[in-house]
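Colleague: Compact mmCIF, C-alpha atoms and all ligand atoms, saved as structure.txt, coming up:
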# COMPACT_ATOMS: atom_id res chain seq x y z
CA MET A 1 -23.70 -72.22 -91.33
CA ARG A 2 -21.74 -75.29 -90.30
CA ASP A 3 -23.67 -78.47 -89.91
CA ARG A 4 -22.73 -82.01 -89.04
CA SER A 5 -21.55 -82.70 -92.58
CA HIS A 6 -19.13 -79.75 -92.55
CA PHE A 7 -15.99 -81.92 -92.39
CA ASP A 8 -17.24 -84.71 -94.63
CA GLY A 9 -14.64 -85.54 -97.25
CA GLN A 10 -12.29 -82.72 -96.14
CA TYR A 11 -9.86 -84.60 -93.97
CA THR A 12 -9.73 -88.33 -94.33
CA THR A 13 -7.26 -90.16 -92.15
CA SER A 14 -5.41 -92.93 -93.90
CA TRP A 15 -6.07 -95.52 -91.23
CA ASP A 16 -3.76 -98.13 -92.75
CA LYS A 17 -0.85 -95.71 -92.38
CA ALA A 18 -1.98 -94.62 -88.93
CA LEU A 19 -1.84 -98.12 -87.50
CA ALA A 20 1.17 -99.03 -85.37
CA LYS A 21 3.70 -101.35 -86.97
CA ARG A 22 2.99 -104.05 -84.41
CA THR A 23 -0.59 -104.39 -85.63
CA GLU A 24 0.80 -106.15 -88.69
CA ARG A 25 1.44 -109.08 -86.38
CA MET A 26 -2.15 -109.15 -85.14
CA GLU A 27 -4.36 -111.76 -86.72
CA SER A 28 -7.96 -112.76 -86.13
CA SER A 29 -8.30 -116.05 -84.39
CA ILE A 30 -9.49 -118.71 -86.83
CA ILE A 31 -11.71 -119.99 -84.03
CA ARG A 32 -13.51 -116.67 -83.61
CA GLU A 33 -14.00 -116.63 -87.39
CA LEU A 34 -15.27 -120.20 -87.35
CA LEU A 35 -17.64 -119.46 -84.51
CA LYS A 36 -19.60 -117.14 -86.79
CA PHE A 37 -20.33 -120.10 -89.02
CA THR A 38 -20.90 -122.60 -86.25
CA MET A 39 -23.59 -120.44 -84.70
CA GLN A 40 -25.94 -121.71 -87.43
CA PRO A 41 -28.36 -124.02 -85.63
CA GLU A 42 -28.08 -126.96 -88.04
CA VAL A 43 -24.29 -127.18 -87.72
CA ILE A 44 -22.91 -129.53 -85.09
CA SER A 45 -19.81 -127.78 -83.89
CA PHE A 46 -16.77 -129.40 -82.35
CA ALA A 47 -14.86 -126.20 -83.04
CA GLY A 48 -15.00 -123.85 -80.04
CA GLY A 49 -13.73 -124.55 -76.55
CA MET A 50 -17.10 -123.82 -75.05
CA PRO A 51 -18.58 -125.41 -71.94
CA ALA A 52 -22.07 -126.93 -72.06
CA PRO A 53 -24.39 -123.90 -71.82
CA GLU A 54 -27.34 -125.89 -70.48
CA LEU A 55 -25.24 -126.76 -67.42
CA PHE A 56 -24.35 -123.21 -66.43
CA PRO A 57 -25.31 -122.68 -62.76
CA VAL A 58 -27.81 -119.96 -63.63
CA ARG A 59 -29.78 -120.19 -60.39
CA ASP A 60 -26.61 -119.82 -58.32
CA PHE A 61 -25.64 -116.73 -60.29
CA ARG A 62 -29.11 -115.26 -59.91
CA GLU A 63 -29.09 -115.81 -56.16
CA ALA A 64 -25.58 -114.47 -55.82
CA CYS A 65 -26.43 -111.34 -57.76
CA GLU A 66 -29.62 -110.77 -55.78
CA TRP A 67 -27.81 -111.16 -52.46
CA ILE A 68 -24.90 -108.92 -53.41
CA LEU A 69 -27.08 -106.15 -54.77
CA THR A 70 -29.25 -106.30 -51.69
CA HIS A 71 -26.46 -106.40 -49.10
CA ASP A 72 -23.28 -105.09 -50.65
CA ALA A 73 -24.17 -103.06 -53.74
CA GLU A 74 -22.13 -100.00 -52.81
CA SER A 75 -18.83 -101.82 -52.86
CA ALA A 76 -19.73 -104.43 -55.48
CA LEU A 77 -20.49 -101.69 -58.01
CA GLN A 78 -17.44 -99.61 -57.12
CA TYR A 79 -13.91 -99.73 -58.60
CA GLY A 80 -11.80 -102.35 -56.90
CA THR A 81 -8.09 -102.87 -56.30
CA THR A 82 -6.08 -104.08 -59.28
CA GLU A 83 -4.87 -107.08 -57.27
CA GLY A 84 -8.39 -108.43 -56.92
CA TYR A 85 -11.12 -108.85 -54.30
CA PRO A 86 -9.31 -110.04 -51.12
CA PRO A 87 -11.90 -112.63 -49.96
CA LEU A 88 -11.84 -114.24 -53.40
CA LYS A 89 -8.05 -114.30 -53.34
CA ASP A 90 -8.16 -115.96 -49.92
CA TYR A 91 -10.60 -118.55 -51.23
CA LEU A 92 -8.34 -119.29 -54.20
CA VAL A 93 -5.26 -119.55 -52.01
CA GLU A 94 -7.05 -122.09 -49.84
CA ALA A 95 -8.42 -124.02 -52.84
CA MET A 96 -4.98 -124.18 -54.46
CA HIS A 97 -3.43 -125.64 -51.34
CA LYS A 98 -5.35 -128.81 -52.17
CA TYR A 99 -2.98 -129.20 -55.13
CA ASP A 100 0.06 -128.15 -53.05
CA LEU A 101 0.14 -124.88 -54.95
CA PRO A 102 2.20 -122.51 -52.83
CA ALA A 103 -0.06 -119.47 -53.14
CA GLU A 104 -0.66 -116.68 -50.66
CA ARG A 105 -2.69 -113.51 -50.98
CA GLY A 106 0.32 -111.44 -52.03
CA ASN A 107 1.28 -113.57 -54.99
CA VAL A 108 -2.14 -113.88 -56.61
CA LEU A 109 -3.58 -111.47 -59.18
CA LEU A 110 -7.14 -111.67 -60.50
CA THR A 111 -7.41 -111.15 -64.25
CA ASN A 112 -10.02 -110.69 -66.89
CA GLY A 113 -9.80 -114.37 -67.86
CA SER A 114 -6.57 -116.27 -68.44
CA GLN A 115 -6.45 -114.66 -71.84
CA GLN A 116 -5.66 -111.35 -70.18
CA ALA A 117 -3.03 -113.09 -68.07
CA LEU A 118 -1.34 -114.28 -71.27
CA ASP A 119 -1.41 -110.80 -72.73
CA LEU A 120 0.00 -109.24 -69.54
CA ILE A 121 2.76 -111.84 -69.56
CA GLY A 122 3.57 -110.86 -73.14
CA LYS A 123 3.61 -107.19 -72.16
CA VAL A 124 5.87 -107.73 -69.18
CA PHE A 125 8.28 -110.36 -70.49
CA ILE A 126 8.53 -110.34 -74.28
CA ASP A 127 10.83 -107.95 -76.09
CA GLU A 128 10.90 -108.10 -79.85
CA GLY A 129 13.08 -111.00 -81.00
CA ASN A 130 13.03 -112.85 -77.65
CA GLU A 131 12.91 -116.60 -78.00
CA ILE A 132 10.11 -118.41 -76.20
CA ILE A 133 9.46 -122.13 -76.14
CA THR A 134 6.04 -123.71 -76.64
CA CYS A 135 4.74 -127.13 -77.56
CA ARG A 136 3.78 -127.80 -81.10
CA PRO A 137 0.81 -127.75 -81.22
CA THR A 138 -0.04 -125.21 -78.53
CA TYR A 139 -2.90 -122.98 -77.36
CA LEU A 140 -3.91 -120.71 -80.19
CA GLY A 141 -4.83 -117.83 -77.86
CA ALA A 142 -1.29 -117.72 -76.48
CA ILE A 143 0.15 -117.46 -79.97
CA GLN A 144 -2.31 -114.66 -80.69
CA ALA A 145 -1.59 -112.83 -77.44
CA TRP A 146 2.19 -113.00 -77.82
CA ASN A 147 2.69 -112.59 -81.55
CA VAL A 148 2.12 -108.87 -81.26
CA TYR A 149 5.16 -108.52 -78.99
CA GLY A 150 7.36 -110.01 -81.72
CA PRO A 151 8.88 -113.13 -80.13
CA LYS A 152 10.53 -115.98 -81.99
CA PHE A 153 8.65 -119.17 -81.24
CA VAL A 154 10.84 -122.20 -80.68
CA THR A 155 8.61 -125.25 -80.72
CA VAL A 156 8.93 -128.68 -79.15
CA PRO A 157 6.84 -131.68 -80.21
CA LEU A 158 4.60 -133.60 -77.85
CA ASP A 159 3.47 -137.21 -77.62
CA ASP A 160 0.88 -139.01 -75.49
CA ASP A 161 2.72 -137.94 -72.31
CA GLY A 162 2.81 -134.26 -73.25
CA MET A 163 5.82 -132.12 -74.19
CA ARG A 164 8.84 -134.28 -75.05
CA MET A 165 11.64 -133.58 -72.64
CA ASP A 166 14.39 -134.97 -74.90
CA GLU A 167 13.31 -132.41 -77.50
CA LEU A 168 13.02 -129.66 -74.91
CA GLU A 169 16.56 -130.38 -73.81
CA LYS A 170 17.75 -129.96 -77.40
CA ALA A 171 15.72 -126.78 -77.82
CA LEU A 172 17.17 -125.25 -74.66
CA ALA A 173 20.69 -126.26 -75.68
CA THR A 174 20.33 -124.70 -79.13
CA HIS A 175 18.44 -121.63 -77.88
CA PRO A 176 20.26 -120.84 -74.62
CA SER A 177 18.70 -117.41 -74.30
CA ALA A 178 15.10 -118.70 -74.50
CA LYS A 179 13.14 -116.76 -71.93
CA PHE A 180 10.42 -119.14 -70.88
CA VAL A 181 8.81 -122.48 -71.56
CA TYR A 182 5.03 -122.38 -71.94
CA VAL A 183 3.30 -125.60 -70.93
CA LEU A 184 -0.24 -126.89 -70.53
CA PRO A 185 0.32 -129.89 -68.28
CA ASN A 186 -3.31 -130.94 -67.78
CA PHE A 187 -5.51 -131.97 -70.72
CA HIS A 188 -3.66 -129.91 -73.22
CA ASN A 189 -5.47 -127.57 -75.58
CA PRO A 190 -5.52 -128.71 -78.37
CA ALA A 191 -3.88 -132.13 -77.91
CA GLY A 192 -5.81 -133.45 -74.89
CA THR A 193 -2.59 -134.93 -73.44
CA THR A 194 -1.33 -134.78 -69.84
CA LEU A 195 2.29 -134.17 -68.93
CA SER A 196 3.50 -137.23 -67.02
CA LEU A 197 4.84 -136.87 -63.48
CA GLU A 198 8.33 -137.83 -64.54
CA ARG A 199 8.31 -135.15 -67.24
CA ARG A 200 7.09 -132.50 -64.78
CA TYR A 201 10.18 -133.06 -62.66
CA ARG A 202 12.40 -133.11 -65.72
CA LEU A 203 10.87 -129.89 -67.04
CA VAL A 204 11.66 -128.10 -63.79
CA GLU A 205 15.24 -129.38 -63.86
CA LEU A 206 15.83 -128.43 -67.47
CA ALA A 207 14.31 -124.98 -67.20
CA ALA A 208 16.27 -124.20 -64.03
CA LYS A 209 19.51 -125.49 -65.55
CA HIS A 210 19.13 -123.25 -68.61
CA GLY A 211 17.85 -120.17 -66.76
CA ALA A 212 14.43 -120.19 -68.41
CA PHE A 213 11.28 -119.83 -66.35
CA ILE A 214 8.04 -121.78 -66.82
CA ILE A 215 4.56 -120.59 -67.62
CA GLU A 216 2.04 -123.20 -66.51
CA ASP A 217 -1.38 -122.63 -68.05
CA ASP A 218 -3.97 -124.74 -66.26
CA PRO A 219 -7.58 -123.97 -67.16
CA TYR A 220 -8.67 -127.63 -67.16
CA GLY A 221 -6.98 -129.16 -64.09
CA GLU A 222 -10.29 -129.43 -62.20
CA LEU A 223 -11.88 -131.34 -65.04
CA ARG A 224 -10.21 -134.69 -64.54
CA PHE A 225 -12.44 -137.66 -65.46
CA GLU A 226 -10.14 -140.46 -64.42
CA GLY A 227 -6.74 -141.14 -62.86
CA GLU A 228 -4.93 -139.23 -60.15
CA ASP A 229 -4.25 -135.50 -59.99
CA LEU A 230 -0.60 -134.82 -60.80
CA ILE A 231 1.38 -132.24 -58.90
CA PRO A 232 1.40 -128.81 -60.57
CA ILE A 233 4.76 -127.59 -61.84
CA CYS A 234 4.36 -124.47 -59.73
CA ALA A 235 4.29 -126.68 -56.64
CA LEU A 236 7.61 -128.23 -57.68
CA HIS A 237 9.40 -124.95 -58.23
CA LYS A 238 7.41 -121.87 -57.28
CA GLU A 239 10.29 -119.40 -57.67
CA ASN A 240 10.61 -120.30 -61.32
CA THR A 241 6.98 -120.62 -62.39
CA VAL A 242 4.09 -118.39 -63.33
CA TYR A 243 0.83 -120.30 -62.90
CA LEU A 244 -2.47 -119.38 -64.61
CA SER A 245 -5.98 -120.62 -64.10
CA THR A 246 -9.55 -119.50 -64.71
CA PHE A 247 -13.21 -119.86 -63.79
CA SER A 248 -14.10 -120.09 -67.49
CA LYS A 249 -14.33 -123.86 -67.59
CA THR A 250 -15.51 -124.49 -64.03
CA LEU A 251 -18.20 -121.79 -63.75
CA ALA A 252 -18.75 -119.80 -66.95
CA PRO A 253 -16.50 -118.14 -69.54
CA GLY A 254 -18.84 -115.15 -69.68
CA LEU A 255 -17.53 -114.10 -66.25
CA ARG A 256 -14.12 -113.40 -67.81
CA LEU A 257 -12.43 -114.24 -64.53
CA GLY A 258 -9.03 -115.85 -64.13
CA TRP A 259 -5.96 -115.56 -61.91
CA ILE A 260 -2.18 -115.67 -61.86
CA VAL A 261 0.11 -117.05 -59.17
CA ALA A 262 3.69 -115.79 -59.44
CA PRO A 263 6.60 -114.57 -57.33
CA LYS A 264 5.75 -111.21 -55.75
CA THR A 265 8.19 -109.20 -57.90
CA VAL A 266 6.47 -110.55 -61.02
CA ILE A 267 3.01 -109.85 -59.61
CA ALA A 268 4.07 -106.25 -58.93
CA LYS A 269 4.95 -105.72 -62.60
CA LEU A 270 1.84 -107.52 -63.81
CA ILE A 271 -0.26 -105.24 -61.61
CA GLN A 272 1.27 -102.19 -63.26
CA ALA A 273 0.62 -103.67 -66.69
CA LYS A 274 -2.96 -104.46 -65.74
CA GLN A 275 -3.56 -100.96 -64.39
CA GLY A 276 -2.82 -99.62 -67.85
CA ALA A 277 -5.14 -102.16 -69.42
CA ASP A 278 -8.30 -102.07 -67.31
CA LEU A 279 -7.61 -100.79 -63.76
CA ASN A 280 -9.25 -103.81 -62.20
CA THR A 281 -11.15 -106.99 -62.96
CA SER A 282 -14.92 -106.50 -62.66
CA THR A 283 -15.75 -106.05 -58.99
CA LEU A 284 -19.29 -107.34 -59.34
CA VAL A 285 -18.12 -110.48 -61.11
CA GLN A 286 -15.52 -111.18 -58.42
CA TYR A 287 -18.16 -110.76 -55.71
CA MET A 288 -20.44 -113.19 -57.52
CA ALA A 289 -17.71 -115.77 -58.01
CA TYR A 290 -16.76 -115.44 -54.35
CA ASP A 291 -20.35 -115.92 -53.25
CA ILE A 292 -20.70 -119.09 -55.34
CA CYS A 293 -17.34 -120.44 -54.21
CA SER A 294 -17.74 -119.66 -50.52
CA ARG A 295 -21.17 -121.31 -50.37
CA GLY A 296 -19.59 -124.51 -51.68
CA LEU A 297 -21.70 -124.44 -54.85
CA ILE A 298 -18.74 -124.57 -57.21
CA LYS A 299 -17.67 -127.97 -55.90
CA ALA A 300 -21.05 -129.52 -56.68
CA HIS A 301 -21.10 -127.82 -60.03
CA VAL A 302 -17.64 -129.03 -61.03
CA LYS A 303 -18.62 -132.57 -60.12
CA LYS A 304 -21.70 -132.26 -62.32
CA ILE A 305 -19.83 -130.99 -65.37
CA ARG A 306 -17.01 -133.48 -64.89
CA ASP A 307 -19.56 -136.31 -65.05
CA ALA A 308 -21.26 -134.80 -68.08
CA TYR A 309 -17.99 -134.23 -69.96
CA ARG A 310 -16.73 -137.70 -69.14
CA GLU A 311 -19.85 -139.13 -70.74
CA ARG A 312 -19.47 -136.87 -73.78
CA ARG A 313 -15.82 -137.83 -74.21
CA ASN A 314 -16.80 -141.49 -74.02
CA VAL A 315 -19.54 -141.02 -76.61
CA MET A 316 -17.11 -139.24 -78.92
CA LEU A 317 -14.42 -141.91 -78.57
CA GLN A 318 -16.96 -144.66 -79.16
CA ALA A 319 -18.43 -142.94 -82.22
CA MET A 320 -14.96 -142.37 -83.67
CA GLU A 321 -14.22 -146.08 -83.38
CA GLU A 322 -17.42 -146.71 -85.27
CA TYR A 323 -17.37 -144.04 -87.97
CA PHE A 324 -13.78 -143.01 -88.67
CA PRO A 325 -11.95 -144.96 -91.39
CA PRO A 326 -8.72 -146.91 -90.74
CA GLY A 327 -5.61 -144.70 -90.81
CA VAL A 328 -7.14 -142.05 -88.55
CA THR A 329 -5.84 -141.91 -84.95
CA TRP A 330 -6.69 -139.77 -81.94
CA THR A 331 -5.71 -138.99 -78.35
CA ARG A 332 -7.71 -140.24 -75.36
CA PRO A 333 -7.82 -137.34 -72.87
CA GLN A 334 -8.18 -138.03 -69.15
CA GLY A 335 -10.04 -134.76 -68.72
CA GLY A 336 -10.62 -131.32 -70.20
CA LEU A 337 -12.55 -130.44 -73.31
CA PHE A 338 -10.56 -131.56 -76.35
CA LEU A 339 -9.05 -134.39 -78.28
CA TRP A 340 -6.68 -134.34 -81.22
CA VAL A 341 -7.14 -136.29 -84.41
CA ARG A 342 -4.43 -137.22 -86.87
CA MET A 343 -5.44 -138.27 -90.38
CA PRO A 344 -3.34 -139.76 -93.17
CA GLU A 345 -0.68 -137.29 -94.41
CA GLN A 346 -2.43 -136.60 -97.71
CA ILE A 347 -5.52 -135.14 -95.98
CA ASP A 348 -5.50 -131.37 -95.66
CA ALA A 349 -7.72 -130.50 -92.70
CA GLU A 350 -8.44 -127.00 -94.03
CA LYS A 351 -9.80 -128.51 -97.24
CA LEU A 352 -11.62 -131.14 -95.22
CA LEU A 353 -13.34 -128.39 -93.26
CA LYS A 354 -15.06 -127.23 -96.44
CA VAL A 355 -16.40 -130.75 -97.03
CA ALA A 356 -17.35 -131.04 -93.36
CA VAL A 357 -19.26 -127.78 -93.59
CA GLU A 358 -21.30 -129.29 -96.41
CA GLU A 359 -22.00 -132.20 -94.08
CA LYS A 360 -23.00 -129.64 -91.40
CA VAL A 361 -20.25 -130.34 -88.91
CA ALA A 362 -17.28 -128.18 -87.87
CA PHE A 363 -13.87 -128.55 -86.18
CA VAL A 364 -10.65 -126.53 -85.97
CA PRO A 365 -7.92 -127.49 -88.47
CA GLY A 366 -4.65 -128.46 -86.76
CA SER A 367 -2.40 -125.88 -88.43
CA ALA A 368 -4.07 -123.12 -86.36
CA PHE A 369 -2.23 -124.43 -83.29
CA TYR A 370 1.29 -124.23 -84.71
CA PRO A 371 3.03 -120.94 -84.00
CA ASN A 372 5.00 -121.12 -87.21
CA GLY A 373 1.94 -122.29 -89.11
CA THR A 374 3.59 -125.02 -91.16
CA ASP A 375 2.65 -128.27 -89.39
CA GLY A 376 -0.48 -130.02 -88.30
CA LYS A 377 -2.04 -129.90 -91.74
CA CYS A 378 -3.50 -133.39 -91.47
CA CYS A 379 -4.71 -132.86 -87.88
CA MET A 380 -7.76 -131.37 -86.23
CA ARG A 381 -8.99 -130.47 -82.76
CA LEU A 382 -12.37 -131.71 -81.60
CA ASN A 383 -14.25 -130.32 -78.61
CA PHE A 384 -16.61 -132.68 -76.78
CA SER A 385 -18.07 -130.46 -74.03
CA ASN A 386 -20.42 -128.27 -75.99
CA ALA A 387 -22.70 -130.73 -77.84
CA GLN A 388 -25.13 -133.16 -76.21
CA PRO A 389 -24.27 -136.88 -76.50
CA ASP A 390 -26.73 -137.67 -79.34
CA MET A 391 -25.42 -134.67 -81.29
CA ILE A 392 -21.84 -135.82 -80.72
CA ARG A 393 -22.66 -139.20 -82.24
CA GLU A 394 -24.37 -137.62 -85.22
CA GLY A 395 -21.58 -135.05 -85.66
CA ILE A 396 -18.91 -137.74 -85.63
CA ARG A 397 -20.93 -139.75 -88.15
CA ARG A 398 -21.02 -136.71 -90.45
CA LEU A 399 -17.32 -136.02 -89.88
CA GLY A 400 -16.47 -139.65 -90.63
CA GLN A 401 -18.41 -139.26 -93.86
CA ALA A 402 -16.46 -136.12 -94.77
CA ILE A 403 -13.11 -137.81 -94.02
CA LYS A 404 -14.11 -140.81 -96.13
CA ARG A 405 -15.03 -138.46 -98.98
CA GLU A 406 -11.62 -136.77 -98.72
CA MET A 407 -9.85 -140.13 -98.62
CA GLY A 408 -11.78 -141.26 -101.70
CA LEU A 409 -13.57 -143.98 -99.70
CA ALA A 410 -17.12 -142.67 -100.15
C1 LIG A 501 -4.99 -123.20 -72.52
C2 LIG A 501 -5.88 -122.02 -72.38
N1 LIG A 501 -5.40 -120.92 -71.81
C3 LIG A 501 -6.17 -119.83 -71.65
C4 LIG A 501 -7.47 -119.81 -72.08
C5 LIG A 501 -8.28 -118.56 -71.92
O1 LIG A 501 -9.22 -118.73 -70.93
P1 LIG A 501 -10.13 -117.56 -70.38
O2 LIG A 501 -11.52 -117.84 -70.82
O3 LIG A 501 -9.96 -117.64 -68.90
O4 LIG A 501 -9.62 -116.27 -70.91
C6 LIG A 501 -8.02 -120.95 -72.68
C7 LIG A 501 -9.39 -120.94 -73.19
O5 LIG A 501 -9.86 -121.80 -73.87
C8 LIG A 501 -7.19 -122.08 -72.83
O6 LIG A 501 -7.63 -123.21 -73.40
What is this structure when it is put down as C-alpha cells?
Ligand SMILES: Cc1ncc(COP(=O)(O)O)c(C=O)c1O
Modeller:
Amino acid sequence: MRDRSHFDGQYTTSWDKALAKRTERMESSIIRELLKFTMQPEVISFAGGMPAPELFPVRDFREACEWILTHDAESALQYGTTEGYPPLKDYLVEAMHKYDLPAERGNVLLTNGSQQALDLIGKVFIDEGNEIITCRPTYLGAIQAWNVYGPKFVTVPLDDDGMRMDELEKALATHPSAKFVYVLPNFHNPAGTTLSLERRYRLVELAAKHGAFIIEDDPYGELRFEGEDLIPICALHKENTVYLSTFSKTLAPGLRLGWIVAPKTVIAKLIQAKQGADLNTSTLVQYMAYDICSRGLIKAHVKKIRDAYRERRNVMLQAMEEYFPPGVTWTRPQGGLFLWVRMPEQIDAEKLLKVAVEEKVAFVPGSAFYPNGTDGKCCMRLNFSNAQPDMIREGIRRLGQAIKREMGLA
C-alpha cells in the first residue's frame, strides 16, 4: 500500500543545481534583512524607507472599500486590463499635467509598485553585459532589480545638486554604448539631494547627444517641504524618458501601486512583460486608489504628511547638530524621506551598525547603495519619516553615542 511517505528519500532534487544561472546574481536586500531586526520594539529604526504608519488614511480606505464593494464589487473583484483601470489613468494624467508631464491615457501603465516598474524595465531593456549608468550611491532596489539581468553598472558621483554632469559627460564619452541613465531627481534615495534645474537640462542634452535614454524615478516628488517644484526630466524630453512614480509614499506602500509614463512603443513592450508577470495590477486596489484620489482626499493627506515629515526632518537635523561629533557631515533634503551622512574615512558604517544595535538604533550602511559595492563605507542613510519626533531625537542621541564610541571619543 502506498502512503504519503512513499516517495520520501527516493528522489531528492538537488535544488542548488536546479536553479537557473541568473539566480547567482540575486541577493537579498540588506534593508529587508535589517527590517527583521528593526521590528524589535525597543529599537529606534532609521533604516527602512517607511512612511509614518500612524498617518495612514485608514478611514478613507475603509470608506472607499465599503463603497466599492457595495456599488461596484463585480468589476472591482474581477481581472482587469494589464494597462490599468482607465479612470485611475485619467486621474493620473490630469494630476501629472500640473508638473507639465506630457502623459495621456495611452502612455501610462499601472504597476505593482515602482519596484515592479524597475523589474519590467530590466526585463525589457537589459541584455547581459549592457552598460547602464546610475548615480553612486543609488537606489538599492534598482540595483537588486537589474542585477539579475547581468548589466555592467557605470556609476557617476553626485554632490549637493545631484548627479554631476561633468562626470556624466565623461562616463558617456568612455561608455558610448551605455543604454540608459537612471536618475532620481527629487530627494534622492539614499542621498536626499535634488537635481538642480540647470543639470536637468544638461542631462537631457547629454543623454540625447550620446543616444542613451533616461529613466526618471520619482517616488518623492510630491513630498517637497520647501522651495519650488522643478520641472521633471520627462517634461523636458518625453520621447527620450521613461518616468516612474508610485502611491507608496503619498498613500500607503501596502497598496503596491505605481505607474510608468513612457512612449507608446515602450509601454506596449512593458505591457507584454507585465502580462507574463502578473496579468494586471490589483483591480480592487486601483479602484480604492481612484476613489480616494477622485474625492480629493489624497491632496489633503499629502499636505498632512508633508507637514509631518518636514517637522521630523527638522528635528533630525537639529539633533544631529547637537549630538554628532565634529567631522561628521550630512545632506539637508528639501523633501522626501532620507538624508545621507558622511563620517570620517576611518569609520566603517557596517561595523558601526553593530555598535549602534547595542545602543538600540539602526540605519542602513552606505555601501549597500553602491552597485559595485566598494564605496560608501564611511556613509549611512537615515530615514526620518517613520519615527515620531521625540524618538528621532533619542535615536540620534544614541547614534551620536555609537559614532563617538567608534571614533574613540566616548
Ligand atoms: C527611488 C525608489 N524607487 C522605487 C521604489 C519602490 O517603490 P514602490 O513601493 O512603489 O515599489 C522606492 C521605494 O522606496 C524608491 O525609493
Colleague: Using only C-alpha atoms, which protein or nucleic acid residues come within 10 Å of range 282-286 of chain A? Drop anything in the same chain fewer than 5 positions from it, and give the result as number ranges by chain.
Modeller: A: 61, 64-65, 68-69, 72-73, 75-82, 84-89, 110-112, 254-258, 291-292
Colleague: Write out the residues from the selection above, keeping C-alpha atoms, as a PDB file, in the frame of the given file.
Modeller:
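Once everything was written out, this is part12.pdb:
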ATOM      1  CA  PHE A  61     -25.640-116.730 -60.290  1.00  0.00           C
ATOM      2  CA  ALA A  64     -25.580-114.470 -55.820  1.00  0.00           C
ATOM      3  CA  CYS A  65     -26.430-111.340 -57.760  1.00  0.00           C
ATOM      4  CA  ILE A  68     -24.900-108.920 -53.410  1.00  0.00           C
ATOM      5  CA  LEU A  69     -27.080-106.150 -54.770  1.00  0.00           C
ATOM      6  CA  ASP A  72     -23.280-105.090 -50.650  1.00  0.00           C
ATOM      7  CA  ALA A  73     -24.170-103.060 -53.740  1.00  0.00           C
ATOM      8  CA  SER A  75     -18.830-101.820 -52.860  1.00  0.00           C
ATOM      9  CA  ALA A  76     -19.730-104.430 -55.480  1.00  0.00           C
ATOM     10  CA  LEU A  77     -20.490-101.690 -58.010  1.00  0.00           C
ATOM     11  CA  GLN A  78     -17.440 -99.610 -57.120  1.00  0.00           C
ATOM     12  CA  TYR A  79     -13.910 -99.730 -58.600  1.00  0.00           C
ATOM     13  CA  GLY A  80     -11.800-102.350 -56.900  1.00  0.00           C
ATOM     14  CA  THR A  81      -8.090-102.870 -56.300  1.00  0.00           C
ATOM     15  CA  THR A  82      -6.080-104.080 -59.280  1.00  0.00           C
ATOM     16  CA  GLY A  84      -8.390-108.430 -56.920  1.00  0.00           C
ATOM     17  CA  TYR A  85     -11.120-108.850 -54.300  1.00  0.00           C
ATOM     18  CA  PRO A  86      -9.310-110.040 -51.120  1.00  0.00           C
ATOM     19  CA  PRO A  87     -11.900-112.630 -49.960  1.00  0.00           C
ATOM     20  CA  LEU A  88     -11.840-114.240 -53.400  1.00  0.00           C
ATOM     21  CA  LYS A  89      -8.050-114.300 -53.340  1.00  0.00           C
ATOM     22  CA  LEU A 110      -7.140-111.670 -60.500  1.00  0.00           C
ATOM     23  CA  THR A 111      -7.410-111.150 -64.250  1.00  0.00           C
ATOM     24  CA  ASN A 112     -10.020-110.690 -66.890  1.00  0.00           C
ATOM     25  CA  GLY A 254     -18.840-115.150 -69.680  1.00  0.00           C
ATOM     26  CA  LEU A 255     -17.530-114.100 -66.250  1.00  0.00           C
ATOM     27  CA  ARG A 256     -14.120-113.400 -67.810  1.00  0.00           C
ATOM     28  CA  LEU A 257     -12.430-114.240 -64.530  1.00  0.00           C
ATOM     29  CA  GLY A 258      -9.030-115.850 -64.130  1.00  0.00           C
ATOM     30  CA  ASP A 291     -20.350-115.920 -53.250  1.00  0.00           C
ATOM     31  CA  ILE A 292     -20.700-119.090 -55.340  1.00  0.00           C
TER      32      ILE A 292
END
Colleague: Choose the residue, out of A:Glu83, A:Glu239, A:Asp127, A:Asp119, that has the smallest atom-to-atom separation from Gly106 in chain A; count only C-alpha atoms.
Modeller: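 Nearest candidate to Gly106 in chain A out of A:Glu83, A:Glu239, A:Asp127, A:Asp119: A:Glu83.
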Colleague: Considering all atoms listed in the file, return as number ranges by chain whatever protein or nucleic-acid residues lie within 7 Å of Glu42 in chain A, sequence-local ones (same chain, fewer than 2 positions apart) excluded.
Modeller: A: 40, 44, 360
Colleague: Given only C-alpha atoms as the basis, pick out the residue of A:Ile233, A:Met343, A:Ala252, A:Ile132 nearest to Cys378 in chain A.
Modeller: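 Under the stated criterion, the closest residue is A:Met343.
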Colleague: Pick out the residues sitting within 10 Å of Cys293 in chain A, and hand them over as a list in words; count all atoms listed in the file, and ignore anything fewer than 2 positions along from it in its own chain.
Modeller: Leu88, Tyr91, Leu92, Ala95, Leu251, Tyr287, Met288, Ala289, Tyr290, Asp291, Arg295, Gly296, Leu297, Ile298 and Lys299 of chain A
Colleague: Counting all atoms listed in the file, what residues are within 6 Å of ligand LIG 501 (chain A), given as a list of chain:residue names?
Modeller: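 Checked against 6 Å with all atoms listed in the file; the hits are A:Gly49, A:Gly113, A:Ser114, A:Gln115, A:Tyr139, A:Asn189, A:Asp217, A:Pro219, A:Thr246, A:Ser248, A:Pro253, A:Arg256, A:Gly258.
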Colleague: Can you work out the spacing between CA of Ile215 in chain A and CA of Pro232 in chain A in Å, to one decimal?
Modeller: 11.3 Å
Colleague: Would you please work out which residue, of A:Ser245, A:Tyr309, A:Glu24, A:Glu321, is nearest to Leu109 in chain A when using all atoms listed in the file?
Modeller: A:Ser245
